[in-house]
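What follows is structure_34.txt (compact mmCIF, C-alpha atoms).
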# COMPACT_ATOMS: atom_id res chain seq x y z
CA MET A 1 -205.34 -28.04 61.88
CA VAL A 2 -205.23 -25.59 59.01
CA LYS A 3 -202.09 -25.80 56.90
CA VAL A 4 -200.86 -22.96 54.74
CA TYR A 5 -198.38 -23.99 52.05
CA SER A 6 -196.27 -20.94 51.34
CA PHE A 7 -192.78 -19.55 51.05
CA GLU A 8 -190.87 -16.60 52.45
CA GLY A 9 -191.43 -13.41 50.49
CA CYS A 10 -194.75 -14.48 48.96
CA PRO A 11 -197.05 -11.52 49.66
CA TRP A 12 -200.26 -13.45 48.95
CA CYS A 13 -199.21 -16.10 51.45
CA ASP A 14 -198.76 -13.38 54.06
CA LYS A 15 -202.22 -12.04 53.25
CA VAL A 16 -203.79 -15.45 53.83
CA LYS A 17 -201.96 -15.83 57.14
CA LYS A 18 -202.97 -12.36 58.28
CA TYR A 19 -206.55 -13.10 57.33
CA LEU A 20 -206.60 -16.39 59.24
CA LYS A 21 -205.11 -14.62 62.26
CA SER A 22 -207.82 -11.96 62.07
CA LYS A 23 -210.38 -14.79 62.23
CA ASN A 24 -208.55 -16.40 65.15
CA VAL A 25 -207.84 -19.48 63.10
CA GLU A 26 -204.68 -21.34 64.09
CA TYR A 27 -202.57 -22.59 61.23
CA GLU A 28 -199.34 -24.35 60.47
CA THR A 29 -196.96 -22.85 57.95
CA ARG A 30 -195.50 -25.32 55.46
CA ASP A 31 -192.59 -23.70 53.57
CA ILE A 32 -192.38 -25.26 50.12
CA GLU A 33 -189.15 -23.50 49.24
CA LEU A 34 -187.13 -24.77 52.20
CA ASP A 35 -188.87 -28.05 52.88
CA ASP A 36 -189.00 -30.61 50.06
CA THR A 37 -191.56 -32.71 51.93
CA ALA A 38 -193.89 -29.73 52.14
CA ARG A 39 -193.31 -29.06 48.47
CA ASP A 40 -194.27 -32.64 47.55
CA GLU A 41 -197.35 -32.44 49.75
CA CYS A 42 -198.39 -29.21 48.08
CA GLU A 43 -197.97 -30.70 44.62
CA LYS A 44 -200.01 -33.71 45.66
CA ILE A 45 -202.84 -31.51 46.93
CA SER A 46 -203.12 -28.95 44.13
CA GLY A 47 -201.05 -30.54 41.38
CA ASP A 48 -198.81 -27.50 41.27
CA THR A 49 -196.30 -25.45 43.26
CA SER A 50 -198.29 -22.24 43.20
CA VAL A 51 -199.03 -20.93 46.69
CA PRO A 52 -200.64 -20.05 49.04
CA VAL A 53 -202.50 -23.31 49.24
CA THR A 54 -204.69 -23.51 52.33
CA THR A 55 -206.12 -26.84 53.41
CA ILE A 56 -207.44 -28.67 56.44
CA ASP A 57 -207.91 -32.23 55.20
CA GLY A 58 -205.39 -32.25 52.35
CA LYS A 59 -208.21 -32.71 49.85
CA ASN A 60 -210.24 -29.53 49.80
CA TYR A 61 -208.00 -26.54 49.32
CA VAL A 62 -208.00 -22.88 48.45
CA LEU A 63 -205.42 -21.58 45.99
CA GLY A 64 -204.48 -17.94 46.36
CA PHE A 65 -205.92 -15.26 48.57
CA ASP A 66 -209.67 -15.64 48.20
CA LYS A 67 -211.56 -14.50 51.31
CA ALA A 68 -214.89 -16.07 50.33
CA LYS A 69 -213.36 -19.45 49.64
CA LEU A 70 -211.25 -19.28 52.78
CA ASP A 71 -214.39 -18.58 54.81
CA GLU A 72 -216.04 -21.64 53.28
CA LEU A 73 -213.03 -23.80 54.04
CA ILE A 74 -212.84 -22.66 57.66
CA ALA A 75 -216.56 -23.23 58.12
CA MET A 76 -216.29 -26.85 56.97
CA MET B 1 -164.56 -1.24 35.12
CA SER B 2 -166.71 -3.63 33.13
CA ILE B 3 -169.50 -6.08 33.68
CA TYR B 4 -166.91 -8.86 33.82
CA ASP B 5 -165.39 -7.45 37.02
CA PHE B 6 -168.47 -8.42 39.05
CA THR B 7 -168.86 -11.55 41.08
CA VAL B 8 -172.33 -12.69 42.08
CA LYS B 9 -173.83 -15.63 43.95
CA THR B 10 -176.04 -18.25 42.36
CA ASN B 11 -179.25 -19.35 44.04
CA LYS B 12 -177.27 -22.34 45.31
CA GLY B 13 -174.82 -20.01 47.07
CA VAL B 14 -171.91 -20.56 44.68
CA GLU B 15 -169.75 -17.55 43.75
CA LYS B 16 -169.82 -16.86 40.04
CA SER B 17 -167.70 -14.35 38.13
CA LEU B 18 -169.47 -12.64 35.29
CA ALA B 19 -166.19 -13.01 33.37
CA ASP B 20 -167.39 -16.59 32.82
CA TYR B 21 -169.91 -15.10 30.39
CA LYS B 22 -167.31 -13.31 28.22
CA GLY B 23 -168.21 -13.55 24.55
CA LYS B 24 -171.90 -14.13 25.18
CA VAL B 25 -174.86 -11.87 24.67
CA LEU B 26 -176.53 -11.39 28.05
CA LEU B 27 -179.88 -10.25 29.30
CA ILE B 28 -179.71 -9.33 32.99
CA VAL B 29 -183.10 -9.13 34.66
CA ASN B 30 -184.34 -8.45 38.19
CA THR B 31 -186.86 -11.25 38.33
CA ALA B 32 -188.21 -10.65 41.76
CA SER B 33 -191.27 -11.64 43.50
CA LYS B 34 -192.57 -14.78 41.79
CA CYS B 35 -195.96 -13.02 41.82
CA GLY B 36 -197.55 -10.62 39.39
CA PHE B 37 -196.01 -9.93 36.01
CA THR B 38 -195.13 -13.62 35.94
CA PRO B 39 -196.01 -13.96 32.25
CA GLN B 40 -192.59 -12.42 31.65
CA PHE B 41 -190.95 -15.51 33.12
CA LYS B 42 -192.52 -17.62 30.42
CA ASP B 43 -191.60 -15.11 27.74
CA LEU B 44 -188.03 -14.88 28.96
CA GLN B 45 -187.77 -18.65 28.92
CA GLU B 46 -188.94 -18.60 25.30
CA LEU B 47 -186.22 -16.11 24.38
CA TYR B 48 -183.65 -18.23 26.16
CA THR B 49 -184.72 -21.44 24.42
CA LYS B 50 -184.71 -19.69 21.06
CA TYR B 51 -181.27 -18.10 21.27
CA LYS B 52 -179.15 -20.05 23.75
CA GLU B 53 -177.51 -22.14 21.01
CA ARG B 54 -176.26 -18.92 19.45
CA GLY B 55 -174.54 -17.74 22.61
CA PHE B 56 -177.29 -16.02 24.54
CA GLU B 57 -177.75 -16.21 28.30
CA ILE B 58 -180.32 -14.79 30.67
CA LEU B 59 -179.21 -13.99 34.20
CA GLY B 60 -182.10 -13.61 36.63
CA PHE B 61 -181.66 -11.78 39.93
CA PRO B 62 -184.61 -12.23 42.30
CA CYS B 63 -185.38 -9.29 44.52
CA ASN B 64 -188.11 -8.77 47.06
CA GLN B 65 -187.97 -4.98 47.12
CA PHE B 66 -191.15 -4.73 45.07
CA ALA B 67 -192.84 -7.84 46.44
CA GLU B 68 -195.54 -6.30 48.58
CA GLN B 69 -196.81 -3.94 45.94
CA GLU B 70 -198.81 -5.46 43.17
CA PRO B 71 -199.53 -2.94 40.44
CA GLY B 72 -203.24 -2.27 40.36
CA THR B 73 -205.82 -4.93 39.71
CA ASN B 74 -204.70 -5.94 36.27
CA GLU B 75 -206.19 -9.22 35.21
CA GLU B 76 -202.75 -10.72 34.85
CA VAL B 77 -202.06 -10.24 38.53
CA GLN B 78 -203.13 -13.39 40.28
CA SER B 79 -203.44 -13.85 44.00
CA PHE B 80 -200.84 -16.56 44.17
CA CYS B 81 -197.13 -16.99 43.62
CA LYS B 82 -195.08 -19.76 42.11
CA VAL B 83 -191.97 -21.04 43.82
CA ASN B 84 -190.65 -22.80 40.75
CA TYR B 85 -190.64 -20.38 37.88
CA GLY B 86 -190.21 -23.30 35.51
CA VAL B 87 -187.28 -21.58 33.85
CA THR B 88 -183.95 -23.13 32.94
CA PHE B 89 -181.83 -19.99 32.71
CA GLN B 90 -179.54 -19.06 35.58
CA ILE B 91 -181.19 -17.65 38.69
CA PHE B 92 -178.96 -15.96 41.24
CA ALA B 93 -179.32 -15.38 44.95
CA LYS B 94 -181.94 -12.96 46.24
CA GLY B 95 -180.65 -9.43 46.76
CA ASP B 96 -181.56 -5.77 46.53
CA VAL B 97 -181.41 -3.98 43.19
CA ARG B 98 -182.16 -0.38 44.14
CA GLY B 99 -181.20 2.13 46.80
CA GLU B 100 -178.15 2.09 49.04
CA THR B 101 -178.40 -1.65 49.63
CA ALA B 102 -178.42 -2.44 45.91
CA GLN B 103 -175.98 -5.05 44.67
CA PRO B 104 -172.95 -3.38 43.01
CA LEU B 105 -173.87 -5.00 39.69
CA PHE B 106 -177.19 -3.15 39.60
CA LYS B 107 -175.59 0.13 40.67
CA TYR B 108 -173.27 -0.27 37.71
CA LEU B 109 -176.03 -1.23 35.27
CA THR B 110 -178.24 1.71 36.22
CA GLU B 111 -175.26 4.08 35.94
CA GLN B 112 -174.57 2.79 32.46
CA LYS B 113 -178.17 2.99 31.29
CA GLY B 114 -180.53 5.42 32.94
CA PHE B 115 -184.30 5.45 33.09
CA GLN B 116 -185.93 6.62 29.84
CA GLY B 117 -189.57 6.24 30.81
CA PHE B 118 -192.10 3.44 30.54
CA ASP B 119 -193.61 2.20 27.32
CA GLU B 120 -196.92 4.09 27.24
CA LYS B 121 -198.54 1.43 25.09
CA HIS B 122 -198.17 -1.39 27.59
CA PRO B 123 -201.47 -2.12 29.40
CA ILE B 124 -199.86 -2.13 32.82
CA THR B 125 -198.06 1.21 32.48
CA LYS B 126 -200.90 3.26 33.95
CA ALA B 127 -201.45 0.96 36.93
CA LEU B 128 -197.74 0.66 37.55
CA THR B 129 -197.18 4.41 37.47
CA GLU B 130 -200.10 4.95 39.84
CA ALA B 131 -198.87 2.26 42.22
CA LEU B 132 -195.46 3.90 42.31
CA GLN B 133 -196.89 7.38 42.76
CA ASN B 134 -199.04 6.21 45.65
CA ASN B 135 -196.58 3.97 47.45
CA PHE B 136 -193.09 4.91 46.36
CA PRO B 137 -193.03 8.29 44.64
CA GLU B 138 -189.27 8.38 45.17
CA TYR B 139 -188.88 5.27 42.98
CA LEU B 140 -190.01 7.31 39.99
CA GLU B 141 -187.10 9.70 40.39
CA GLY B 142 -183.61 9.06 39.13
CA ASP B 143 -182.21 6.07 37.30
CA GLY B 144 -182.80 3.34 39.85
CA ILE B 145 -184.73 0.16 39.08
CA LYS B 146 -188.44 0.97 39.07
CA TRP B 147 -189.97 -2.47 39.25
CA ASN B 148 -189.55 -6.19 38.66
CA PHE B 149 -188.42 -7.28 35.22
CA THR B 150 -186.18 -4.41 34.25
CA LYS B 151 -183.90 -5.85 31.61
CA PHE B 152 -180.34 -4.92 30.58
CA LEU B 153 -178.91 -6.14 27.31
CA ILE B 154 -175.14 -6.75 27.19
CA ASP B 155 -173.19 -7.35 23.97
CA ARG B 156 -170.44 -9.92 23.45
CA ASN B 157 -167.81 -7.45 24.63
CA GLY B 158 -169.52 -6.64 27.90
CA ASN B 159 -171.01 -3.30 26.88
CA VAL B 160 -174.39 -2.42 28.37
CA VAL B 161 -176.19 -1.57 25.13
CA ALA B 162 -179.81 -1.19 26.20
CA ARG B 163 -182.19 -1.03 29.12
CA PHE B 164 -185.79 -2.17 28.87
CA GLU B 165 -188.35 -1.28 31.50
CA PRO B 166 -190.86 -3.76 32.97
CA THR B 167 -193.30 -2.39 30.41
CA THR B 168 -191.30 -3.84 27.51
CA VAL B 169 -192.28 -7.45 27.01
CA PRO B 170 -189.50 -9.96 26.27
CA ALA B 171 -190.81 -10.69 22.77
CA ASP B 172 -190.14 -7.07 21.82
CA ILE B 173 -186.49 -7.48 22.76
CA ALA B 174 -185.91 -10.35 20.32
CA LYS B 175 -184.88 -8.09 17.45
CA ASP B 176 -182.33 -6.32 19.65
CA ILE B 177 -180.86 -9.65 20.75
CA GLU B 178 -180.64 -10.90 17.18
CA LYS B 179 -178.63 -7.82 16.17
CA LEU B 180 -175.97 -8.74 18.70
CA LEU B 181 -175.78 -12.48 18.00
Please, can you express the file's structure as structure tokens?
Amino acid sequence: MVKVYSFEGCPWCDKVKKYLKSKNVEYETRDIELDDTARDECEKISGDTSVPVTTIDGKNYVLGFDKAKLDELIAM
Amino acid sequence: MSIYDFTVKTNKGVEKSLADYKGKVLLIVNTASKCGFTPQFKDLQELYTKYKERGFEILGFPCNQFAEQEPGTNEEVQSFCKVNYGVTFQIFAKGDVRGETAQPLFKYLTEQKGFQGFDEKHPITKALTEALQNNFPEYLEGDGIKWNFTKFLIDRNGNVVARFEPTTVPADIAKDIEKLL
């Protein structure tokens, strides 16, 4: 399952989600502003609280809205 | 009517009267979207650290009204946002800063100090003006807040002494703050 670490009102997060939807990729939203667990997870993955962070395995991740890198991640 | 008559909510939901800041020099900023223009957060934090011992406070008011529109493709605009600005000055609850839904504080501030134009020298001015012309031409009219990081400087007696547009970087405000301290 693809996870998108994000928060409400983050336009780049919305762009990632829209893009995944357009590719018919299901994802789970993890809100790092409201959910401290999600925030800790995000920090563990990327070492930071910048989002969107998109990941499948919690190891490889894409920071920001980067179509090429997202395509690579989905293909893995 | 003065700045001290306003009550606002902190980001923790606690009511706070601006009268609590009587006697301090204040910089009131609409901090907004946590994306784009974020270098100003760091710069504001530097101002705060430098002057807080001398009675200076920064009050940040996040607003999402400009969130979807990133100005141009300036190199500084990254495709991610940061939930923790890493600042230690006071951040208040999210709210609108322009239009009919604007918080009363921002209606008051923009009445006191109108729009005088952007700083033409700032690298983002051109992209910002174009973004506004294309998406929100009405934002360019009148005295309302044009974009994130509009800054209002308040003296120790609560007078709104200056307004700085997003195109004025915090470091350039230092001399104005020092005059009031």
**Study point:** Spatial neighbours of range 63-69 of chain A, 12 Å, all atoms listed in the file, chain gap at least 6 places, as number ranges by chain
**Key:** A: 4-6, 10-20, 22-23, 42-43, 45-55, 75-76; B: 35, 77-82
Expected file contents, prior selection, C-alpha atoms, as a PDB file, in the coordinates of the input:
ATOM      1  CA  VAL A   4    -200.860 -22.960  54.740  1.00  0.00           C
ATOM      2  CA  TYR A   5    -198.380 -23.990  52.050  1.00  0.00           C
ATOM      3  CA  SER A   6    -196.270 -20.940  51.340  1.00  0.00           C
ATOM      4  CA  CYS A  10    -194.750 -14.480  48.960  1.00  0.00           C
ATOM      5  CA  PRO A  11    -197.050 -11.520  49.660  1.00  0.00           C
ATOM      6  CA  TRP A  12    -200.260 -13.450  48.950  1.00  0.00           C
ATOM      7  CA  CYS A  13    -199.210 -16.100  51.450  1.00  0.00           C
ATOM      8  CA  ASP A  14    -198.760 -13.380  54.060  1.00  0.00           C
ATOM      9  CA  LYS A  15    -202.220 -12.040  53.250  1.00  0.00           C
ATOM     10  CA  VAL A  16    -203.790 -15.450  53.830  1.00  0.00           C
ATOM     11  CA  LYS A  17    -201.960 -15.830  57.140  1.00  0.00           C
ATOM     12  CA  LYS A  18    -202.970 -12.360  58.280  1.00  0.00           C
ATOM     13  CA  TYR A  19    -206.550 -13.100  57.330  1.00  0.00           C
ATOM     14  CA  LEU A  20    -206.600 -16.390  59.240  1.00  0.00           C
ATOM     15  CA  SER A  22    -207.820 -11.960  62.070  1.00  0.00           C
ATOM     16  CA  LYS A  23    -210.380 -14.790  62.230  1.00  0.00           C
ATOM     17  CA  CYS A  42    -198.390 -29.210  48.080  1.00  0.00           C
ATOM     18  CA  GLU A  43    -197.970 -30.700  44.620  1.00  0.00           C
ATOM     19  CA  ILE A  45    -202.840 -31.510  46.930  1.00  0.00           C
ATOM     20  CA  SER A  46    -203.120 -28.950  44.130  1.00  0.00           C
ATOM     21  CA  GLY A  47    -201.050 -30.540  41.380  1.00  0.00           C
ATOM     22  CA  ASP A  48    -198.810 -27.500  41.270  1.00  0.00           C
ATOM     23  CA  THR A  49    -196.300 -25.450  43.260  1.00  0.00           C
ATOM     24  CA  SER A  50    -198.290 -22.240  43.200  1.00  0.00           C
ATOM     25  CA  VAL A  51    -199.030 -20.930  46.690  1.00  0.00           C
ATOM     26  CA  PRO A  52    -200.640 -20.050  49.040  1.00  0.00           C
ATOM     27  CA  VAL A  53    -202.500 -23.310  49.240  1.00  0.00           C
ATOM     28  CA  THR A  54    -204.690 -23.510  52.330  1.00  0.00           C
ATOM     29  CA  THR A  55    -206.120 -26.840  53.410  1.00  0.00           C
ATOM     30  CA  ALA A  75    -216.560 -23.230  58.120  1.00  0.00           C
ATOM     31  CA  MET A  76    -216.290 -26.850  56.970  1.00  0.00           C
TER      32      MET A  76
ATOM     33  CA  CYS B  35    -195.960 -13.020  41.820  1.00  0.00           C
ATOM     34  CA  VAL B  77    -202.060 -10.240  38.530  1.00  0.00           C
ATOM     35  CA  GLN B  78    -203.130 -13.390  40.280  1.00  0.00           C
ATOM     36  CA  SER B  79    -203.440 -13.850  44.000  1.00  0.00           C
ATOM     37  CA  PHE B  80    -200.840 -16.560  44.170  1.00  0.00           C
ATOM     38  CA  CYS B  81    -197.130 -16.990  43.620  1.00  0.00           C
ATOM     39  CA  LYS B  82    -195.080 -19.760  42.110  1.00  0.00           C
TER      40      LYS B  82
END
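Between CA of Phe56 in chain B and CA of Gly99 in chain B the separation is 29.0 Å.
Atom pair CA of Thr168 in chain B / CA of Pro137 in chain B: separated by 21.1 Å.
Among the candidate residues B:Lys16, B:Lys94, B:Lys24, B:Lys42, the one lying nearest to chain A is B:Lys94, with distances computed using all atoms listed in the file.
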**Study point:** Among the residues B:Ala93, B:Val87, B:Ile145, B:Leu180, the one that comes closest to Asn157 in chain B [using all atoms listed in the file]
**Key:** B:Leu180
**Study point:** A:Asp57, A:Asp36, A:Glu72, A:Glu28 ranked by distance to chain B, top pick (using all atoms listed in the file)
**Key:** A:Asp36
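A straight line drawn from CA of Val169 in chain B to CA of Asp43 in chain B is 7.7 Å long.
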